[in-house]
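Enquirer: Below you'll find run28.pdb; it's PDB, C-alpha atoms.
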```pdb
MODEL        1
ATOM      1  CA  MET B   1      97.423 121.310 113.068  1.00  0.00           C
ATOM      2  CA  ARG B   2      95.946 123.344 110.219  1.00  0.00           C
ATOM      3  CA  ILE B   3      95.465 122.141 106.675  1.00  0.00           C
ATOM      4  CA  PRO B   4      94.788 124.803 104.048  1.00  0.00           C
ATOM      5  CA  LEU B   5      91.674 124.039 101.984  1.00  0.00           C
ATOM      6  CA  THR B   6      90.237 125.738  98.964  1.00  0.00           C
ATOM      7  CA  PRO B   7      86.785 127.254  99.499  1.00  0.00           C
ATOM      8  CA  ASP B   8      85.268 124.363  97.531  1.00  0.00           C
ATOM      9  CA  ASP B   9      87.123 121.727  99.594  1.00  0.00           C
ATOM     10  CA  TYR B  10      86.053 123.472 102.797  1.00  0.00           C
ATOM     11  CA  ARG B  11      82.421 123.510 101.685  1.00  0.00           C
ATOM     12  CA  ARG B  12      82.485 119.819 100.811  1.00  0.00           C
ATOM     13  CA  VAL B  13      84.162 118.736 104.051  1.00  0.00           C
ATOM     14  CA  ARG B  14      81.892 120.973 106.128  1.00  0.00           C
ATOM     15  CA  GLU B  15      78.761 119.649 104.434  1.00  0.00           C
ATOM     16  CA  PHE B  16      79.928 116.087 104.963  1.00  0.00           C
ATOM     17  CA  LEU B  17      80.767 116.559 108.624  1.00  0.00           C
ATOM     18  CA  LEU B  18      77.526 118.391 109.383  1.00  0.00           C
ATOM     19  CA  ALA B  19      75.313 115.972 107.464  1.00  0.00           C
ATOM     20  CA  GLU B  20      72.980 113.642 109.259  1.00  0.00           C
ATOM     21  CA  PRO B  21      74.690 110.252 109.776  1.00  0.00           C
ATOM     22  CA  GLU B  22      72.129 108.465 107.581  1.00  0.00           C
ATOM     23  CA  ARG B  23      72.706 110.921 104.745  1.00  0.00           C
ATOM     24  CA  ALA B  24      76.496 110.682 105.073  1.00  0.00           C
ATOM     25  CA  VAL B  25      76.351 106.916 104.578  1.00  0.00           C
ATOM     26  CA  ALA B  26      73.796 107.038 101.773  1.00  0.00           C
ATOM     27  CA  ASP B  27      75.372 109.907  99.835  1.00  0.00           C
ATOM     28  CA  ASP B  28      79.003 109.066 100.599  1.00  0.00           C
ATOM     29  CA  GLU B  29      80.611 111.588  98.299  1.00  0.00           C
ATOM     30  CA  ARG B  30      83.418 110.537  95.986  1.00  0.00           C
ATOM     31  CA  ILE B  31      86.430 112.806  95.719  1.00  0.00           C
ATOM     32  CA  THR B  32      89.467 112.885  93.467  1.00  0.00           C
ATOM     33  CA  THR B  33      93.023 112.102  94.500  1.00  0.00           C
ATOM     34  CA  GLY B  34      93.857 115.814  94.273  1.00  0.00           C
ATOM     35  CA  GLU B  35      91.065 116.711  96.691  1.00  0.00           C
ATOM     36  CA  ALA B  36      92.067 113.898  99.068  1.00  0.00           C
ATOM     37  CA  ALA B  37      95.716 114.979  98.953  1.00  0.00           C
ATOM     38  CA  ARG B  38      94.732 118.559  99.898  1.00  0.00           C
ATOM     39  CA  ILE B  39      92.590 117.333 102.807  1.00  0.00           C
ATOM     40  CA  LEU B  40      95.469 115.173 104.095  1.00  0.00           C
ATOM     41  CA  GLY B  41      98.145 117.789 103.446  1.00  0.00           C
ATOM     42  CA  VAL B  42     100.240 115.515 101.211  1.00  0.00           C
ATOM     43  CA  SER B  43     101.229 115.563  97.557  1.00  0.00           C
ATOM     44  CA  ARG B  44      99.231 113.625  94.986  1.00  0.00           C
ATOM     45  CA  ARG B  45     102.234 111.356  94.460  1.00  0.00           C
ATOM     46  CA  THR B  46     102.401 110.587  98.184  1.00  0.00           C
ATOM     47  CA  LEU B  47      98.675 109.881  98.210  1.00  0.00           C
ATOM     48  CA  THR B  48      99.098 107.532  95.227  1.00  0.00           C
ATOM     49  CA  ARG B  49     101.761 105.620  97.163  1.00  0.00           C
ATOM     50  CA  MET B  50      99.424 105.431 100.150  1.00  0.00           C
ATOM     51  CA  LEU B  51      96.652 104.051  97.931  1.00  0.00           C
ATOM     52  CA  ASP B  52      99.007 101.505  96.361  1.00  0.00           C
ATOM     53  CA  ALA B  53     100.002 100.395  99.876  1.00  0.00           C
ATOM     54  CA  GLY B  54      96.340  99.869 100.776  1.00  0.00           C
ATOM     55  CA  MET B  55      96.236 102.576 103.445  1.00  0.00           C
ATOM     56  CA  ILE B  56      93.003 104.097 102.087  1.00  0.00           C
ATOM     57  CA  PRO B  57      90.447 102.261  99.934  1.00  0.00           C
ATOM     58  CA  TYR B  58      89.599 103.632  96.487  1.00  0.00           C
ATOM     59  CA  THR B  59      87.710 102.704  93.343  1.00  0.00           C
ATOM     60  CA  ARG B  60      88.394 103.063  89.653  1.00  0.00           C
ATOM     61  CA  MET B  61      85.940 103.538  86.850  1.00  0.00           C
ATOM     62  CA  GLY B  62      87.543 101.074  84.449  1.00  0.00           C
ATOM     63  CA  GLU B  63      90.904  99.379  84.577  1.00  0.00           C
ATOM     64  CA  ARG B  64      93.156 102.362  83.759  1.00  0.00           C
ATOM     65  CA  SER B  65      91.007 105.318  84.762  1.00  0.00           C
ATOM     66  CA  TYR B  66      91.282 107.837  87.577  1.00  0.00           C
ATOM     67  CA  ARG B  67      90.984 106.765  91.188  1.00  0.00           C
ATOM     68  CA  PHE B  68      88.144 107.999  93.372  1.00  0.00           C
ATOM     69  CA  LEU B  69      87.982 107.919  97.143  1.00  0.00           C
ATOM     70  CA  ARG B  70      85.101 108.199  99.561  1.00  0.00           C
ATOM     71  CA  LEU B  71      85.336 111.397 101.578  1.00  0.00           C
ATOM     72  CA  SER B  72      84.498 109.417 104.724  1.00  0.00           C
ATOM     73  CA  ASP B  73      87.464 107.072 104.127  1.00  0.00           C
ATOM     74  CA  VAL B  74      89.798 110.059 103.781  1.00  0.00           C
ATOM     75  CA  THR B  75      88.487 111.806 106.898  1.00  0.00           C
ATOM     76  CA  ASP B  76      88.619 108.522 108.869  1.00  0.00           C
ATOM     77  CA  TYR B  77      92.239 107.987 107.829  1.00  0.00           C
ATOM     78  CA  LYS B  78      93.099 111.591 108.735  1.00  0.00           C
ATOM     79  CA  ARG B  79      91.495 111.202 112.174  1.00  0.00           C
ATOM     80  CA  ARG B  80      93.396 107.945 112.854  1.00  0.00           C
ATOM     81  CA  ARG B  81      96.663 109.488 111.632  1.00  0.00           C
ATOM     82  CA  ASP B  82      96.200 112.593 113.779  1.00  0.00           C
ATOM     83  CA  GLU B  83      95.370 110.477 116.847  1.00  0.00           C
ATOM     84  CA  ALA B  84      98.471 108.307 116.303  1.00  0.00           C
ATOM     85  CA  THR B  85     100.647 111.410 115.867  1.00  0.00           C
ATOM     86  CA  SER B  86      99.254 112.982 119.017  1.00  0.00           C
ATOM     87  CA  LYS B  87      99.822 109.782 121.001  1.00  0.00           C
ATOM     88  CA  ALA B  88     103.424 109.493 119.749  1.00  0.00           C
ATOM     89  CA  LEU B  89     104.149 113.128 120.652  1.00  0.00           C
ATOM     90  CA  ASP B  90     102.673 112.622 124.125  1.00  0.00           C
ATOM     91  CA  GLU B  91     104.917 109.578 124.617  1.00  0.00           C
ATOM     92  CA  MET B  92     107.966 111.533 123.440  1.00  0.00           C
ATOM     93  CA  ARG B  93     107.159 114.400 125.827  1.00  0.00           C
ATOM     94  CA  SER B  94     106.741 111.954 128.689  1.00  0.00           C
ATOM     95  CA  ILE B  95     110.098 110.284 127.962  1.00  0.00           C
ATOM     96  CA  ALA B  96     111.833 113.660 127.620  1.00  0.00           C
ATOM     97  CA  ASP B  97     110.304 114.808 130.896  1.00  0.00           C
ATOM     98  CA  GLU B  98     111.390 111.604 132.683  1.00  0.00           C
ATOM     99  CA  ASP B  99     114.922 112.047 131.343  1.00  0.00           C
ATOM    100  CA  GLY B 100     115.044 115.654 132.523  1.00  0.00           C
ATOM    101  CA  ALA B 101     115.280 117.169 129.051  1.00  0.00           C
ATOM    102  CA  TYR B 102     113.071 120.080 130.113  1.00  0.00           C
ATOM    103  CA  ASP B 103     115.358 120.867 133.064  1.00  0.00           C
ATOM    104  CA  ILE B 104     118.428 121.623 130.936  1.00  0.00           C
ATOM    105  CA  ASP B 105     119.568 125.246 130.770  1.00  0.00           C
ATOM    106  CA  TYR B 106     120.369 126.028 127.144  1.00  0.00           C
ATOM    107  CA  SER B 107     121.239 129.706 127.678  1.00  0.00           C
ATOM    108  CA  ASP B 108     125.035 129.201 127.300  1.00  0.00           C
ATOM    109  CA  TYR B 109     124.527 127.255 124.080  1.00  0.00           C
ATOM    110  CA  LEU B 110     122.045 129.748 122.652  1.00  0.00           C
ATOM    111  CA  SER B 111     124.210 132.750 123.589  1.00  0.00           C
ATOM    112  CA  ARG B 112     126.799 131.622 121.007  1.00  0.00           C
ATOM    113  CA  PHE B 113     124.302 132.406 118.246  1.00  0.00           C
ATOM    114  CA  ASP B 114     123.640 135.954 119.430  1.00  0.00           C
ATOM    115  CA  GLU B 115     127.132 137.120 118.478  1.00  0.00           C
TER     116      GLU B 115
ENDMDL
END
```
Starting from the coordinates I provided, produce the structure as C-alpha cells.
Expert:
Amino acid sequence: MRIPLTPDDYRRVREFLLAEPERAVADDERITTGEAARILGVSRRTLTRMLDAGMIPYTRMGERSYRFLRLSDVTDYKRRRDEATSKALDEMRSIADEDGAYDIDYSDYLSRFDE
C-alpha cells in the first residue's frame, strides 16, 4: 500500500525512522493533525474522530488549542493497522480458497460485458 507524502512529510518520516533509537525517544517529534492524517491516508476529520475515540494519544497546548501527536504514536498505529489489515485479507483469501472461489470460471459472466 502506498501513501502519498509531501516532500516535507517524507523527510520527517525518513529522519524519524532512520534515527538512532535513543534519539527517537528523546526527540520524539510532535506533528499536527494534518500531517498525521496524510501519513495515515485519512482525512483530518476522520483523524479527529480517531483521536476522540482514543485510538491514538495526543496532547493539547491549552484547553481549546490545536492537537499535537507524537510521530512515533502515528507510525505505531499505522503499523498495527496495516498488520491487522494484512491478517484479515490473508484470512479472507484462505476462506475463499477453501470454498473454491478461485476455481470458478467467470468467463461466461464477463463475456456479457464485452458486447
Enquirer: For region 4-8 of chain B, work out the shell of residues within 9 Å, counting all atoms listed in the file and skipping chain neighbours fewer than 4 positions away, then give it as a VMD selection string.
Expert: chain B and resid 12 to 13 38 to 39 41
Enquirer: Could you state which residues are captured by the PyMOL selection byres ((chain B and resi 67) around 12) in this file, as a list in words?
Expert: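 That expression, the PyMOL selection byres ((chain B and resi 67) around 12), corresponds here to Arg30, Ile31, Thr32, Thr33, Gly34, Glu35, Ala36, Arg44, Leu47, Thr48, Leu51, Asp52, Ile56, Pro57, Tyr58, Thr59, Arg60, Met61, Gly62, Glu63, Arg64, Ser65, Tyr66, Phe68, Leu69 and Arg70 of chain B.
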Enquirer: Quick one, how far is CA of Asp28 (chain B) from CA of Ile3 (chain B)?
Expert: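 Distance between the two atoms: 21.9 Å.
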Enquirer: Go through B:Asp108, B:Glu91, B:Asp103, B:Glu29 and flag the residue nearest Thr75 (chain B), using all atoms listed in the file for the distances.
Expert: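 Counting all atoms listed in the file, the residue closest to Thr75 (chain B) is B:Glu29.
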Enquirer: Give me, please, the distance in Å between CA of Ala88 (chain B) and CA of Tyr102 (chain B), quoted to one decimal.
Expert: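 Separation of CA of Ala88 (chain B) and CA of Tyr102 (chain B): 17.7 Å.
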Enquirer: Report, in Å to a single decimal, how far apart CA of Gly54 (chain B) and CA of Val74 (chain B) are.
Expert: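 The value is 12.5 Å.
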Enquirer: Select, from B:Met55, B:Val42, B:Leu110, B:Met92, the residue with the minimum atom-to-atom distance to Arg80 (chain B), counting all atoms listed in the file.
Expert: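 Smallest separation from Arg80 (chain B) among the options: B:Met55.
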Enquirer: Where's the centre, and what are the edge lengths in Å to one decimal, of a box along x, y and z enclosing all listed atoms of region 55-73 of chain B padded 3 Å per side, as AutoDock Vina command-line options?
Expert:
```
--center_x 90.4 --center_y 105.4 --center_z 94.2 --size_x 17.7 --size_y 18.0 --size_z 27.0
```
Enquirer: Regenerate region 54-85 of chain B at the level of N, CA and C atoms and dump it as a compact mmCIF listing (two decimals), in the coordinates of the input.
Expert:
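File produced: rebuild-v4.txt:
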```txt
# COMPACT_ATOMS: atom_id res chain seq x y z
N GLY B 54 97.58 100.32 100.16
CA GLY B 54 96.34 99.87 100.78
C GLY B 54 95.96 100.63 102.03
N MET B 55 96.52 101.81 102.23
CA MET B 55 96.24 102.58 103.44
C MET B 55 94.84 103.20 103.43
N ILE B 56 94.33 103.51 102.25
CA ILE B 56 93.00 104.10 102.09
C ILE B 56 92.34 103.39 100.90
N PRO B 57 91.11 102.92 101.07
CA PRO B 57 90.45 102.26 99.93
C PRO B 57 90.06 103.27 98.85
N TYR B 58 89.99 102.79 97.61
CA TYR B 58 89.60 103.63 96.49
C TYR B 58 88.92 102.77 95.43
N THR B 59 88.31 103.42 94.47
CA THR B 59 87.71 102.70 93.34
C THR B 59 88.19 103.35 92.05
N ARG B 60 88.09 102.56 91.00
CA ARG B 60 88.39 103.06 89.65
C ARG B 60 87.18 102.83 88.78
N MET B 61 86.98 103.73 87.86
CA MET B 61 85.94 103.54 86.85
C MET B 61 86.64 102.99 85.61
N GLY B 62 86.79 101.69 85.53
CA GLY B 62 87.54 101.07 84.45
C GLY B 62 88.93 100.70 84.93
N GLU B 63 89.62 99.93 84.14
CA GLU B 63 90.90 99.38 84.58
C GLU B 63 92.02 100.42 84.68
N ARG B 64 92.06 101.39 83.77
CA ARG B 64 93.16 102.36 83.76
C ARG B 64 92.68 103.80 83.98
N SER B 65 91.54 103.97 84.59
CA SER B 65 91.01 105.32 84.76
C SER B 65 91.45 105.92 86.09
N TYR B 66 90.95 107.12 86.35
CA TYR B 66 91.28 107.84 87.58
C TYR B 66 90.77 107.10 88.81
N ARG B 67 91.42 107.34 89.93
CA ARG B 67 90.98 106.76 91.19
C ARG B 67 90.05 107.74 91.89
N PHE B 68 89.06 107.21 92.57
CA PHE B 68 88.14 108.00 93.37
C PHE B 68 88.11 107.43 94.78
N LEU B 69 88.01 108.32 95.74
CA LEU B 69 87.98 107.92 97.14
C LEU B 69 86.69 108.41 97.77
N ARG B 70 86.25 107.72 98.80
CA ARG B 70 85.10 108.20 99.56
C ARG B 70 85.62 109.23 100.56
N LEU B 71 84.94 110.34 100.65
CA LEU B 71 85.34 111.40 101.58
C LEU B 71 85.41 110.86 103.00
N SER B 72 84.49 109.98 103.37
CA SER B 72 84.50 109.42 104.72
C SER B 72 85.75 108.58 104.98
N ASP B 73 86.24 107.86 103.96
CA ASP B 73 87.46 107.07 104.13
C ASP B 73 88.66 107.99 104.36
N VAL B 74 88.69 109.11 103.64
CA VAL B 74 89.80 110.06 103.78
C VAL B 74 89.76 110.72 105.16
N THR B 75 88.57 111.15 105.59
CA THR B 75 88.49 111.81 106.90
C THR B 75 88.74 110.81 108.03
N ASP B 76 88.32 109.55 107.86
CA ASP B 76 88.62 108.52 108.87
C ASP B 76 90.12 108.29 108.97
N TYR B 77 90.79 108.18 107.82
CA TYR B 77 92.24 107.99 107.83
C TYR B 77 92.93 109.17 108.50
N LYS B 78 92.49 110.39 108.16
CA LYS B 78 93.10 111.59 108.74
C LYS B 78 92.93 111.60 110.25
N ARG B 79 91.75 111.24 110.73
CA ARG B 79 91.50 111.20 112.17
C ARG B 79 92.40 110.17 112.85
N ARG B 80 92.52 108.98 112.27
CA ARG B 80 93.40 107.94 112.85
C ARG B 80 94.86 108.39 112.84
N ARG B 81 95.28 109.01 111.74
CA ARG B 81 96.66 109.49 111.63
C ARG B 81 96.95 110.56 112.67
N ASP B 82 96.02 111.51 112.81
CA ASP B 82 96.20 112.59 113.78
C ASP B 82 96.22 112.06 115.21
N GLU B 83 95.37 111.08 115.51
CA GLU B 83 95.37 110.48 116.85
C GLU B 83 96.69 109.76 117.13
N ALA B 84 97.20 109.02 116.14
CA ALA B 84 98.47 108.31 116.30
C ALA B 84 99.62 109.30 116.49
N THR B 85 99.61 110.39 115.74
CA THR B 85 100.65 111.41 115.87
C THR B 85 100.60 112.05 117.25
```
